[in-house]
Each structure stands twice: as C-alpha cells, then as structure tokens.
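Report on one structure; see the data block that follows.
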Number of protein chains: 2
Amino acid sequence: MPKIYINPPRQQWLSILQRPAPEQTQNQDFIRQLFEEVQREGDHALKRYALALDKFEGDWLVTEQEFEAAEALISVELKSALELAYQNIYRFHQAELPESVGVETMQGVWCERRAFPIEKVGLYIPGGSAPLFSTVLMLGIPAQLAGCAEVVLCSPPQPDGSIHPAILYAAKRCNIQKVLKIGGAQAIAGMALGTASVPKCSKLFGPGNRWVTAAKQYASSLGTAIDMPAGPSEVLVLADQTANPVFVAADLLAQAEHGSDSQVLLVSTHKALLQQVEQELEKLSENLSRRSYIQQTLQHSCLIYVPNRKEAIDLVNLYAPEHLIIQSQDEQWYTENVRNAGSVFLGDWSPESVGDYASGTNHTLPTAGFAEAWSGVSVESFMKFITFQKLSPEGLRGLGTAVETLAHAETLEAHALAVSVRLSALKTKT
Amino acid sequence: MPKIYINPPRQQWLSILQRPAPEQTQNQDFIRQLFEEVQREGDHALKRYALALDKFEGDWLVTEQEFEAAEALISVELKSALELAYQNIYRFHQAELPESVGVETMQGVWCERRAFPIEKVGLYIPGGSAPLFSTVLMLGIPAQLAGCAEVVLCSPPQPDGSIHPAILYAAKRCNIQKVLKIGGAQAIAGMALGTASVPKCSKLFGPGNRWVTAAKQYASSLGTAIDMPAGPSEVLVLADQTANPVFVAADLLAQAEHGSDSQVLLVSTHKALLQQVEQELEKLSENLSRRSYIQQTLQHSCLIYVPNRKEAIDLVNLYAPEHLIIQSQDEQWYTENVRNAGSVFLGDWSPESVGDYASGTNHTLPTAGFAEAWSGVSVESFMKFITFQKLSPEGLRGLGTAVETLAHAETLEAHALAVSVRLSALKTKT
C-alpha cells in the first residue's frame, strides 16, 4: 500500500518525490557492439540478432496480404473505436500545424521562417504484453499531418512471426506503408544507421524497454534526433473534498497497471481523502488482471496531504508530472498556476485514459521531471524550421554599416568584408 | 586552395560532401569526473577548476559596478549597431511567439495546448579570440521573449579577471542579471547540476570548444535539455552565371575565418564561376588577419560544378548545410525545392553576415547535417507546451465506450475502469 505523508516540511519534498531509480542497462558495451555490427554488416547483422533474440527468420517487410489479413481480424467494435480516436487525434494535431512567420524587420530586410517535414522518420512500437496500437496513432497521425516523405515502423514479431493485427490496422490507417518485423535495440540501430532494407531515419520516436531506450540514447549521441528521453510513466492526482474517491483511486490504478516502475501520487488539501482513496484502491484492485504490477507500484507511491492550494501547486511544479489530474473546486486557480506538467486533465469527467486513447491530445509525454524543459509529441516533433532572408539594396544600405561595426568588434574581418564588397558595388551602381 | 569537382557522379557525392571529422575529446573520463566532483562538492569543486584552468580566484558573480563600467567602455558606434541588431532580432523573434491552440474535438471534449517558458535556462558564451556578444543577443532575446524566470549566463574570465565589456553590455540589454565568470566544461557542469551559487538549469544553450561540447553532451545524457548537438560552422553557396564572383568569394571567406574545421562549399551550374571564385579567394584573403585559419579551411573545402539546377538542389539537400546562400536567377525555384538547411540567404544583397548579426533571424543553427531533423534556436527553444483537456458529462458519454473498447484491446483493464466508474456514476445521476 502507498506511503502516507501528512503536511511534510518543504525540505523533505525532494526526497518524498524521488522517482524510483530506473532499471539500468548493465551492458552499454552490448549496444555499442550492436551498432558497430549493423554499421559494418547491415542486414546481415540485423538478421543474426533477429534469429538470436526474436527467434525470427524470413522476410521482415509486412506484405499487403498481411495488412489485409489483419484488417479481417479486427472486430467492428474495435474498428469504430479506433476510427473515433483517429478522428479526434487528427483534429487536434491538425490545429497544431505551424504557420509560416514573415517579418520585414526594417525597410528592405525580409525575414521568414517556414516549417518543413522531417523527410525520414522511424517509429518503434514495442511488442510484449500489451499491443500498443494507440501509440501507432499517436505517432503516425502527426507524421502524416507533418508530411514526412517516408515513415518506417518497426515492431518485434510475435512468437508466430506476425505483428498484432491492431498494430497493422492502425499503421495502415495512418498511411504507413513500411512496417518491419524487427524488434528491440537492433531495430533502433537499423533505423539510425540504415541498411539495404531499413531506411536510414533522421529522427526516431516511440517507447520501449530498457534496451530500446539505451539504443535510442546511443543513436542520439551519434547525431540521430529522438523524440524525448524516456522514463517510467507517472500520474499525480490533485484533489480536494469535492473529489470522488472512487474516481481518484481508479485513476491511480490506471497508471499503476503500466508496470512496476510506474509512479502514482495523490496530493490533497483534504486530509480525510487520503484514507478514503486508500480504501478504494484496495477494493477496486481486487479483480484487476494486472494486480501484481499494481501492488508493486503502490508500494513506492505516496498519498500526500498539504494544508492549502499554494503548497499543493508548488509540490506539483517541483515534481513536474507526466500526467496531472485535477479534481478540485480550485481547478481554475490550479490551471492558471501550473508550470511544469506533460498533460493536464481537468474535472470529474476527464480521466487520463481518455487522453491515452481518444480525446485528441498526444499520449507521448515527458516523464521523470523532463516536463520542466520538454513537451509531449506534436506535429512539430515531425517538422523542422528553416529561416529565409532577403535584403534589397536599400535593406543592405540601411543595415550594412552596423553589421561591419559588429563584425569588426568581434574581430571577424571577413564577415565585414562580405558586406563592404557589396556596399562598394552599390556605390558604383548609383 | 579548395578542391575542384566537375560534374561528379552521384555515387561520389557522399564522399565529396564528407565533413572534416571533428576534434575528439580524448578524455570522456575527465568530464565524468568533473560532474561527479561538482555534484559532490558544489562550489568548492568549481573554485578548484576555476583556479586550475582559468587562473581565476574571487567572486564570479558580475556586480552592478562591473556592468556600469562595461557600458562606459562601449563606443557610441558599437552601442547603436547593437541596438539596431537588438531591435531586428526582437521583432523577428516576437513574431515567432507561439499561440495557444484549442479544439473541441467532439461535443463536450475540449483539448488545448499552451506554451510556457522553461523556468531556468543557462547560456554559455565562450571567451577566447572573438568576444561573441552577438550570441548573447541571439540567446538572450528569445529567452526574454519566452519569459524565462531565471536566465544564467556563464562566460570565462579574461586574463585580467573581467568579462569582455560588449558581452556584459549585451547581457544587460537582454535583462540578464546573473552573469557568472565561470568558463568551459565546469560552467556546464555547474548549470546542469546546480550549486550554492550557480542555479540548476533545465536547459543549456550556446556554443563552445570541444570540452564545452562534450560537457553539454554529458549533461544531456543525464537529462538536462540542450539547444542542439554542436559541430563546426559551414556554408554552401549556390550560384550561377548571374552571381558576382567577388560576393561569392567574400561569403566563402567569412565562413572560413571561423576556424580551421569550418567547411565552405560552392555549388555552381556555371563552370567558369569556379575559377573566377578561386581567383577572388586568393585576392581577397591577402589582407585578412585570420588568414591562417582561412587557408587551412580552404584546403578541405570544395568548388563543385553540376550541369543543372536539379542536380544542384539534390546536392544541397543531401548536404543539409547550416547556411545556404543562393545567388542565382533560379532563386525562386531553389527556394521552393530546398528541404534541408539551417538558414537560407537569398540574392546578391543578403550575405550571411547580416544574419549572423543583425537582420533578425537567429544565428544558432544546426550544423553537421543536423538540419535534416533540427531547427535553429527560436523563441520556442526556450518554451515547452502543456496540453489540457476537459470533458463534460456529455463528452465522456460520447467517448467513454470507445475508450473502454480500446483499453480492453490493449489488455489495460484499469484504464477501462477509470472510465466505467464514471459512466456508472453518470447513469445513477440521471
């Protein structure tokens, strides 16, 4: 059961909010060696790892027949739920599409910034216990809206050599044509370096186990962009006497079932709520299939009472939770004062699970306190900006002398020269 | 003198465009040890390194008196040039300020995305041969516009224990109050980890030598965000028979003077231009003070003839230059077809130096081909986005069943439970 803290002093906050240390990859050398082998031998190395780690042999490119077979296996109910999710996610991310910015900063000096898709991107979707087709939508839709020319999706084959039909169905819905049955760290190495059959990608996205995370970090150190640093998922529920303890407990459990290293926190300005929630946690978790995960997670989770909303929001901003659920009569005040969070869920009828699947916002969010400086995935995560500028002769006449002065003060004479040869030419002209 | 290639076959492009290998930090262990000492001993460790590496003892916080003394040392001419630059950069970056996005994705489901400043950011400004006060503006202005609550600037002290007055003057102009005389990798460690006198920053910005770069990379691996991976500066000039060879040569020289590992390329659809530019390079570089840098850089630089604009733009997009200068009658066609570049300079009167200093665009740009996936620094580099969502009872009624279906299909029962306990409550209500 979770730990309970009643009005802990501020100097204890950091240690109370300490996240469980993530599992360390013992073997950084394994990752380095994997990358070296893939760099040197390409597909041959990938095939060797596929056989050794996934017991997989054969073609890894998913065929049109496999896509069709997958579609036939999806129930009408799941299809229509996926379609609803697709439409909402598409609508929200479409609104995020960045616009060009153009400014004449002074007469004759035109500056502009335009967004461009990143041409080749790679998505990784884990296999394992839960087939994360929702993540396919969360990455595939913004990639589609951004206009990425090539989207590659790697996912490990199941024991029978197939990929879960819901993953294939979601990929097809996002117009992803290249799905490869390659798993784990070797998929990351393949997409980062490129081989004969795996396109080299400029940016990699998606969750994964500690090997995948270590491989993404290593790829990042070699210059491939990644979506964000990864950590275990977490939720902080901020609630007062107006909150329903059953809803609060269910929200904590939804997070706790992700895995034993998840973290769930309740911060409340209403002392009695802590005990009520504790009782509901007990009751509600009884029949859940992932009970063993849940019990492990709850052991390092906390229910915290603080005496007022100022203390509560300071604690939230210090923790910088991936998910923040606010069930309080002070909802508006909290909304105005939150500074660090990945995604915020407001009121009684906005459980985190709606955002995880179908409301429209992205569920790929910064964990581990990274919300201080990082954002969740958006359309812009699949784009980059290029600035353009054009000066007229008049523009250069107005700006040139200042640039010469600045360049000389930085002792960069050739920078000044590039202006002065032009100013001379303009003088000759007139 | 640069290498000359006449219509090289495509299969040779990658090797021709190979960037000079960056200087490697021999001693990754040094960086790790530095971070461990700063983590353990805080300011004591920083003081030890300051004494050993910068021969500096005493207070490192720049005082109000020092700011005032600096201001008195700046010429009227330089002040007015800096002010012009400030105004243009401010104007362009102000236009970049992101707007909130709000969408009702379906009835009763409100989703929103708002931008927030990153609260604590750290800027590093190198000392060394050129006092890069222009970089203070390029980082300080977007930080100011973003509304970062605390902006820390570290820069190494000069031999007399001061910081170059133009750096202090530019910092003050950007309302940066905390300037610390701390140099090199130890400044990065201090800002990443935080000490009694150096605030812990969530994101670090700015150029630096290979030790600073290695320290930023290491900080990044520990979870501190950084502006972008660093590499030597570079320019690609795309020119045809309408280009002025003097302007082209001056632009190449302005890049070449940055350091011996810079790279400069000319790609031209007009064969005779190569020789003309080569002659002008010779002539113009004769009297430049940084001639030795320039000669080294030119040795690994290339002048490339290609027979048509399609070949030219393909080569540009493959290289993904930090700076792209286009002096061609096909300017518009190139502008429509460029895909990978940091910043683009159009026409005869837009030398790169105007963008380096004063036109308004940012000069902190992706090098080394990172322009494939990264953007230059912008106001958004100093911000993050938080999504918010709120469902009405009607919204949850419309979306809830789909979420339950999706959660069950991913075998995440507690995710479904968080919805079903609410749907039950809503049924009881009505």
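Ordered as shown in the structure tokens, chains take letters A, B, and onward, while each chain numbers its residues from 1 and ligands are numbered from 1 in the order shown.
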
Rows by chain and residue number, chain A within 6 Å of chain B, shortest pair, only C-alpha atoms, as a Markdown table:
| residue | atom | partner | partner_atom | distance |
| --- | --- | --- | --- | --- |
| A:Ala81 | CA | B:Ala402 | CA | 4.6 |
| A:Asn88 | CA | B:Thr105 | CA | 5.3 |
| A:Thr105 | CA | B:Asn88 | CA | 5.3 |
| A:Ile118 | CA | B:Ala373 | CA | 5.5 |
| A:Ala130 | CA | B:Glu410 | CA | 5.1 |
| A:Pro131 | CA | B:Glu410 | CA | 5.6 |
| A:Ser202 | CA | B:Ala373 | CA | 5.8 |
| A:Ala250 | CA | B:Ala418 | CA | 4.8 |
| A:Asp251 | CA | B:Ala418 | CA | 5.6 |
| A:Leu253 | CA | B:Ala414 | CA | 6.0 |
| A:Ala254 | CA | B:Ala414 | CA | 4.5 |
| A:Gly342 | CA | B:Ile386 | CA | 5.5 |
| A:Ser343 | CA | B:Thr387 | CA | 4.7 |
| A:Val344 | CA | B:Phe388 | CA | 4.6 |
| A:Phe345 | CA | B:Gln389 | CA | 5.2 |
| A:Leu346 | CA | B:Lys390 | CA | 5.0 |
| A:Trp349 | CA | B:Leu391 | CA | 5.5 |
| A:Ser350 | CA | B:Leu391 | CA | 5.2 |
| A:Ser353 | CA | B:His415 | CA | 5.4 |
| A:Ala373 | CA | B:Ile118 | CA | 5.6 |
| A:Trp374 | CA | B:Lys384 | CA | 5.7 |
| A:Ser375 | CA | B:Phe385 | CA | 5.1 |
| A:Lys384 | CA | B:Ser375 | CA | 5.1 |
| A:Phe385 | CA | B:Ser375 | CA | 5.1 |
| A:Ile386 | CA | B:Gly342 | CA | 5.5 |
| A:Thr387 | CA | B:Ser343 | CA | 4.7 |
| A:Phe388 | CA | B:Val344 | CA | 4.6 |
| A:Gln389 | CA | B:Phe345 | CA | 5.2 |
| A:Lys390 | CA | B:Leu346 | CA | 5.0 |
| A:Leu391 | CA | B:Ser350 | CA | 5.2 |
| A:Ala402 | CA | B:Ala81 | CA | 4.5 |
| A:Glu410 | CA | B:Ala130 | CA | 5.1 |
| A:Thr411 | CA | B:Ala130 | CA | 6.0 |
| A:Ala414 | CA | B:Ala254 | CA | 4.5 |
| A:His415 | CA | B:Ala254 | CA | 4.6 |
| A:Ala418 | CA | B:Ala250 | CA | 4.8 |

- [ ] Just the residues within 12 Å of Glu311 in chain B, please, counting only C-alpha atoms, with nothing from its chain fewer than 5 positions along; format it as a ChimeraX atom specification.
- [x] /B:7-10,13,238,267-269,304-306,316-318,334,337

Restrict the selected residues to N, CA and C atoms and save them as a short mmCIF file (atom, residue, chain, number, x, y, z; two decimals), in the first residue's frame.
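Output (part_20.cif):
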data_model
loop_
_atom_site.label_atom_id
_atom_site.label_comp_id
_atom_site.auth_asym_id
_atom_site.auth_seq_id
_atom_site.Cartn_x
_atom_site.Cartn_y
_atom_site.Cartn_z
N ASN B 7 31.21 18.11 -62.34
CA ASN B 7 30.13 17.15 -62.56
C ASN B 7 30.43 15.77 -61.98
N PRO B 8 30.67 15.69 -60.69
CA PRO B 8 31.00 14.39 -60.09
C PRO B 8 29.76 13.47 -60.13
N PRO B 9 29.95 12.18 -60.38
CA PRO B 9 28.82 11.25 -60.39
C PRO B 9 28.18 11.14 -59.01
N ARG B 10 26.87 10.87 -58.98
CA ARG B 10 26.13 10.85 -57.71
C ARG B 10 26.73 9.91 -56.68
N TRP B 13 29.02 11.65 -54.40
CA TRP B 13 28.60 12.83 -53.63
C TRP B 13 28.86 12.71 -52.14
N LEU B 238 25.25 28.56 -53.47
CA LEU B 238 24.67 28.00 -54.69
C LEU B 238 24.60 29.17 -55.68
N VAL B 267 28.58 25.41 -54.95
CA VAL B 267 27.96 24.55 -55.95
C VAL B 267 27.46 25.47 -57.05
N SER B 268 27.91 25.22 -58.27
CA SER B 268 27.55 26.13 -59.35
C SER B 268 27.15 25.38 -60.61
N THR B 269 26.15 25.92 -61.28
CA THR B 269 25.74 25.39 -62.58
C THR B 269 26.49 26.11 -63.71
N ILE B 304 32.25 22.95 -56.65
CA ILE B 304 31.65 21.84 -57.41
C ILE B 304 30.80 22.37 -58.56
N TYR B 305 31.09 21.89 -59.76
CA TYR B 305 30.22 22.21 -60.90
C TYR B 305 29.24 21.08 -61.11
N VAL B 306 27.96 21.44 -61.26
CA VAL B 306 26.94 20.46 -61.65
C VAL B 306 26.19 21.03 -62.85
N VAL B 316 22.48 19.98 -52.47
CA VAL B 316 22.24 20.82 -51.29
C VAL B 316 21.45 20.04 -50.23
N ASN B 317 20.36 19.40 -50.66
CA ASN B 317 19.50 18.70 -49.70
C ASN B 317 20.20 17.49 -49.08
N LEU B 318 21.12 16.89 -49.83
CA LEU B 318 21.90 15.80 -49.26
C LEU B 318 22.87 16.31 -48.20
N TYR B 334 14.80 27.37 -56.50
CA TYR B 334 15.58 26.76 -55.41
C TYR B 334 14.85 26.89 -54.07
N ASN B 337 12.31 24.38 -53.59
CA ASN B 337 12.75 22.99 -53.58
C ASN B 337 13.78 22.64 -52.52
#

Open item on the list: Report, in Å to a single decimal, how far apart CA of Ala189 in chain B and CA of Ile31 in chain B are.
Closed with: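 If I compute the distance from CA of Ile31 in chain B to CA of Ala189 in chain B, I get 8.6 Å.
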
Task: Polymer residues at most 10 Å from range 160-162 of chain A, only C-alpha atoms, same-chain spacing of 4 or more positions, as an MDAnalysis selection string - done: chainID A and resid 54:60 62 66 70 155:156 168 181

TODO: Run DSSP on the backbone and grab whatever in range 118-244 of chain B lands in helix (DSSP H, G or I); send it over as a PyMOL selection string.
DONE: chain B and resi 133-146+165-173+184-193+210-221

Open item on the list: For a quick check of understanding, using only C-alpha atoms, which of B:Phe35, B:Tyr5, B:Leu61, B:Arg48 has the smallest distance to Leu265 in chain B?
Closed with: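 Of all the options, B:Tyr5 lies closest to Leu265 in chain B.
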
Open item on the list: Residues within 9 Å of Gln296 in chain A, please, as an MDAnalysis selection string. Count only C-alpha atoms; anything in the same chain fewer than 2 positions from it doesn't count.
Closed with: chainID A and resid 1 256 259:261 291:294 298:300

Mind writing the picked residues with C-alpha atoms as a PDB file, in the first residue's frame?
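New file selection.pdb:
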ATOM      1  CA  MET A   1       0.000   0.000   0.000  1.00  0.00           C
ATOM      2  CA  ALA A 256      -0.151   1.710 -11.660  1.00  0.00           C
ATOM      3  CA  GLY A 259       4.444  -1.573 -14.875  1.00  0.00           C
ATOM      4  CA  SER A 260       6.081  -1.965 -11.531  1.00  0.00           C
ATOM      5  CA  ASP A 261       8.306   1.092 -12.033  1.00  0.00           C
ATOM      6  CA  ARG A 291      -2.807  -6.811  -9.839  1.00  0.00           C
ATOM      7  CA  SER A 292       0.774  -7.885  -9.264  1.00  0.00           C
ATOM      8  CA  TYR A 293       2.154  -4.855 -11.171  1.00  0.00           C
ATOM      9  CA  ILE A 294      -0.269  -2.640  -9.315  1.00  0.00           C
ATOM     10  CA  LEU A 298       1.678   1.184  -4.991  1.00  0.00           C
ATOM     11  CA  GLN A 299       4.489   0.266  -2.621  1.00  0.00           C
ATOM     12  CA  HIS A 300       6.624   3.162  -3.812  1.00  0.00           C
TER      13      HIS A 300
END

Open item on the list: Among range 184-347 of chain A, which ones does DSSP assign to strand (DSSP E or B) (computed from the backbone)? Answer as an MDAnalysis selection string.
Closed with: chainID A and resid 203:205 225:226 234:239 263:268 302:305 323:327 343:346

TODO: Would you kindly return, as a list in words, each protein, DNA or RNA residue with an atom no farther than 12 Å from any atom of Gln28 in chain B, considering only C-alpha atoms and excluding same-chain residues fewer than 2 positions away?
DONE: Gln24, Thr25, Gln26, Phe30, Ile31, Arg32, Gln33, Leu34, Phe35, Ala185, Arg210, Trp211, Val212, Thr213, Ala214, Ala215, Lys216, Gln217 and Tyr218 of chain B

Restricting it to N, CA, C and O atoms, dump the selection as a PDB file, in the first residue's frame.
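Written file, out_7.pdb:
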ATOM      1  N   GLN B  24      38.121  15.096 -31.509  1.00  0.00           N
ATOM      2  CA  GLN B  24      37.528  14.260 -30.473  1.00  0.00           C
ATOM      3  C   GLN B  24      38.042  14.668 -29.108  1.00  0.00           C
ATOM      4  O   GLN B  24      39.198  15.036 -28.956  1.00  0.00           O
ATOM      5  N   THR B  25      37.145  14.616 -28.142  1.00  0.00           N
ATOM      6  CA  THR B  25      37.598  14.778 -26.768  1.00  0.00           C
ATOM      7  C   THR B  25      38.228  13.455 -26.360  1.00  0.00           C
ATOM      8  O   THR B  25      37.573  12.426 -26.344  1.00  0.00           O
ATOM      9  N   GLN B  26      39.517  13.513 -26.065  1.00  0.00           N
ATOM     10  CA  GLN B  26      40.222  12.294 -25.695  1.00  0.00           C
ATOM     11  C   GLN B  26      39.672  11.755 -24.390  1.00  0.00           C
ATOM     12  O   GLN B  26      39.632  10.577 -24.148  1.00  0.00           O
ATOM     13  N   PHE B  30      37.481  12.630 -17.986  1.00  0.00           N
ATOM     14  CA  PHE B  30      37.647  13.936 -17.347  1.00  0.00           C
ATOM     15  C   PHE B  30      36.285  14.579 -17.084  1.00  0.00           C
ATOM     16  O   PHE B  30      36.015  15.102 -16.007  1.00  0.00           O
ATOM     17  N   ILE B  31      35.424  14.517 -18.100  1.00  0.00           N
ATOM     18  CA  ILE B  31      34.096  15.144 -17.978  1.00  0.00           C
ATOM     19  C   ILE B  31      33.287  14.444 -16.884  1.00  0.00           C
ATOM     20  O   ILE B  31      32.647  15.087 -16.053  1.00  0.00           O
ATOM     21  N   ARG B  32      33.323  13.124 -16.888  1.00  0.00           N
ATOM     22  CA  ARG B  32      32.551  12.383 -15.886  1.00  0.00           C
ATOM     23  C   ARG B  32      33.027  12.725 -14.473  1.00  0.00           C
ATOM     24  O   ARG B  32      32.232  12.965 -13.568  1.00  0.00           O
ATOM     25  N   GLN B  33      34.359  12.785 -14.324  1.00  0.00           N
ATOM     26  CA  GLN B  33      34.930  13.092 -13.008  1.00  0.00           C
ATOM     27  C   GLN B  33      34.554  14.506 -12.574  1.00  0.00           C
ATOM     28  O   GLN B  33      34.182  14.749 -11.422  1.00  0.00           O
ATOM     29  N   LEU B  34      34.639  15.449 -13.526  1.00  0.00           N
ATOM     30  CA  LEU B  34      34.250  16.833 -13.243  1.00  0.00           C
ATOM     31  C   LEU B  34      32.816  16.891 -12.717  1.00  0.00           C
ATOM     32  O   LEU B  34      32.531  17.523 -11.685  1.00  0.00           O
ATOM     33  N   PHE B  35      31.909  16.219 -13.416  1.00  0.00           N
ATOM     34  CA  PHE B  35      30.498  16.236 -12.983  1.00  0.00           C
ATOM     35  C   PHE B  35      30.349  15.606 -11.597  1.00  0.00           C
ATOM     36  O   PHE B  35      29.580  16.093 -10.768  1.00  0.00           O
ATOM     37  N   ALA B 185      33.976  23.521 -19.452  1.00  0.00           N
ATOM     38  CA  ALA B 185      33.144  22.387 -19.056  1.00  0.00           C
ATOM     39  C   ALA B 185      32.623  22.545 -17.629  1.00  0.00           C
ATOM     40  O   ALA B 185      31.522  22.087 -17.310  1.00  0.00           O
ATOM     41  N   ARG B 210      35.614  22.023 -27.693  1.00  0.00           N
ATOM     42  CA  ARG B 210      35.255  20.602 -27.619  1.00  0.00           C
ATOM     43  C   ARG B 210      34.988  20.140 -26.184  1.00  0.00           C
ATOM     44  O   ARG B 210      34.249  19.192 -25.956  1.00  0.00           O
ATOM     45  N   TRP B 211      35.564  20.819 -25.180  1.00  0.00           N
ATOM     46  CA  TRP B 211      35.284  20.429 -23.794  1.00  0.00           C
ATOM     47  C   TRP B 211      33.863  20.825 -23.413  1.00  0.00           C
ATOM     48  O   TRP B 211      33.133  20.068 -22.770  1.00  0.00           O
ATOM     49  N   VAL B 212      33.486  22.031 -23.814  1.00  0.00           N
ATOM     50  CA  VAL B 212      32.124  22.504 -23.544  1.00  0.00           C
ATOM     51  C   VAL B 212      31.115  21.595 -24.246  1.00  0.00           C
ATOM     52  O   VAL B 212      30.098  21.186 -23.662  1.00  0.00           O
ATOM     53  N   THR B 213      31.407  21.275 -25.508  1.00  0.00           N
ATOM     54  CA  THR B 213      30.523  20.397 -26.271  1.00  0.00           C
ATOM     55  C   THR B 213      30.390  19.035 -25.607  1.00  0.00           C
ATOM     56  O   THR B 213      29.278  18.506 -25.459  1.00  0.00           O
ATOM     57  N   ALA B 214      31.508  18.482 -25.181  1.00  0.00           N
ATOM     58  CA  ALA B 214      31.467  17.173 -24.514  1.00  0.00           C
ATOM     59  C   ALA B 214      30.689  17.268 -23.202  1.00  0.00           C
ATOM     60  O   ALA B 214      29.925  16.363 -22.857  1.00  0.00           O
ATOM     61  N   ALA B 215      30.854  18.375 -22.489  1.00  0.00           N
ATOM     62  CA  ALA B 215      30.131  18.543 -21.215  1.00  0.00           C
ATOM     63  C   ALA B 215      28.635  18.689 -21.472  1.00  0.00           C
ATOM     64  O   ALA B 215      27.817  18.143 -20.724  1.00  0.00           O
ATOM     65  N   LYS B 216      28.262  19.419 -22.532  1.00  0.00           N
ATOM     66  CA  LYS B 216      26.831  19.552 -22.847  1.00  0.00           C
ATOM     67  C   LYS B 216      26.238  18.194 -23.213  1.00  0.00           C
ATOM     68  O   LYS B 216      25.132  17.847 -22.813  1.00  0.00           O
ATOM     69  N   GLN B 217      26.988  17.420 -23.991  1.00  0.00           N
ATOM     70  CA  GLN B 217      26.519  16.076 -24.339  1.00  0.00           C
ATOM     71  C   GLN B 217      26.336  15.217 -23.098  1.00  0.00           C
ATOM     72  O   GLN B 217      25.364  14.486 -22.975  1.00  0.00           O
ATOM     73  N   TYR B 218      27.288  15.323 -22.189  1.00  0.00           N
ATOM     74  CA  TYR B 218      27.210  14.520 -20.969  1.00  0.00           C
ATOM     75  C   TYR B 218      26.011  14.960 -20.128  1.00  0.00           C
ATOM     76  O   TYR B 218      25.243  14.133 -19.629  1.00  0.00           O
TER      77      TYR B 218
END

Open item on the list: Please determine, counting only C-alpha atoms, which residue among A:Pro20, A:Gly206, A:Pro159, A:Gly140 has the shortest atom-to-atom distance to Gln177 in chain A.
Closed with: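 Of A:Pro20, A:Gly206, A:Pro159, A:Gly140, the one nearest Gln177 in chain A, counting only C-alpha atoms, is A:Gly140.
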
Near Gln329 in chain A, within 10 Å and counting only C-alpha atoms, which residues show up once chain neighbours fewer than 6 positions away are dropped, as a CSV table (one decimal) with N, CA, C and O atoms, in the first residue's frame?
chain,number,residue,atom,x,y,z
A,239,ALA,N,-6.4,16.7,-5.6
A,239,ALA,CA,-7.8,16.6,-5.3
A,239,ALA,C,-8.1,17.2,-4.0
A,239,ALA,O,-7.3,17.3,-3.1
A,240,ASP,N,-9.4,17.6,-3.8
A,240,ASP,CA,-9.8,18.2,-2.6
A,240,ASP,C,-11.1,17.5,-2.1
A,240,ASP,O,-11.5,16.4,-2.6
A,241,GLN,N,-11.8,18.1,-1.2
A,241,GLN,CA,-13.0,17.5,-0.6
A,241,GLN,C,-14.1,17.3,-1.6
A,241,GLN,O,-15.1,16.5,-1.4
A,242,THR,N,-14.0,18.0,-2.8
A,242,THR,CA,-15.1,17.9,-3.8
A,242,THR,C,-14.8,16.7,-4.7
A,242,THR,O,-15.7,16.3,-5.5
A,243,ALA,N,-13.7,16.0,-4.6
A,243,ALA,CA,-13.3,14.9,-5.5
A,243,ALA,C,-14.0,13.6,-5.0
A,243,ALA,O,-14.2,13.4,-3.8
A,347,GLY,N,-11.2,18.2,-14.0
A,347,GLY,CA,-12.5,17.9,-13.5
A,347,GLY,C,-12.8,16.4,-13.4
A,347,GLY,O,-12.0,15.5,-13.6

- [ ] Give me, please, the distance in Å between CA of Asp330 in chain A and CA of Val235 in chain A, quoted to one decimal.
- [x]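 Going from CA of Asp330 in chain A over to CA of Val235 in chain A, I get 18.9 Å.
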
- [ ] One decimal, Å: what's the distance from CA of Glu36 in chain A over to CA of Ala196 in chain A, could you say?
- [x] 15.7 Å
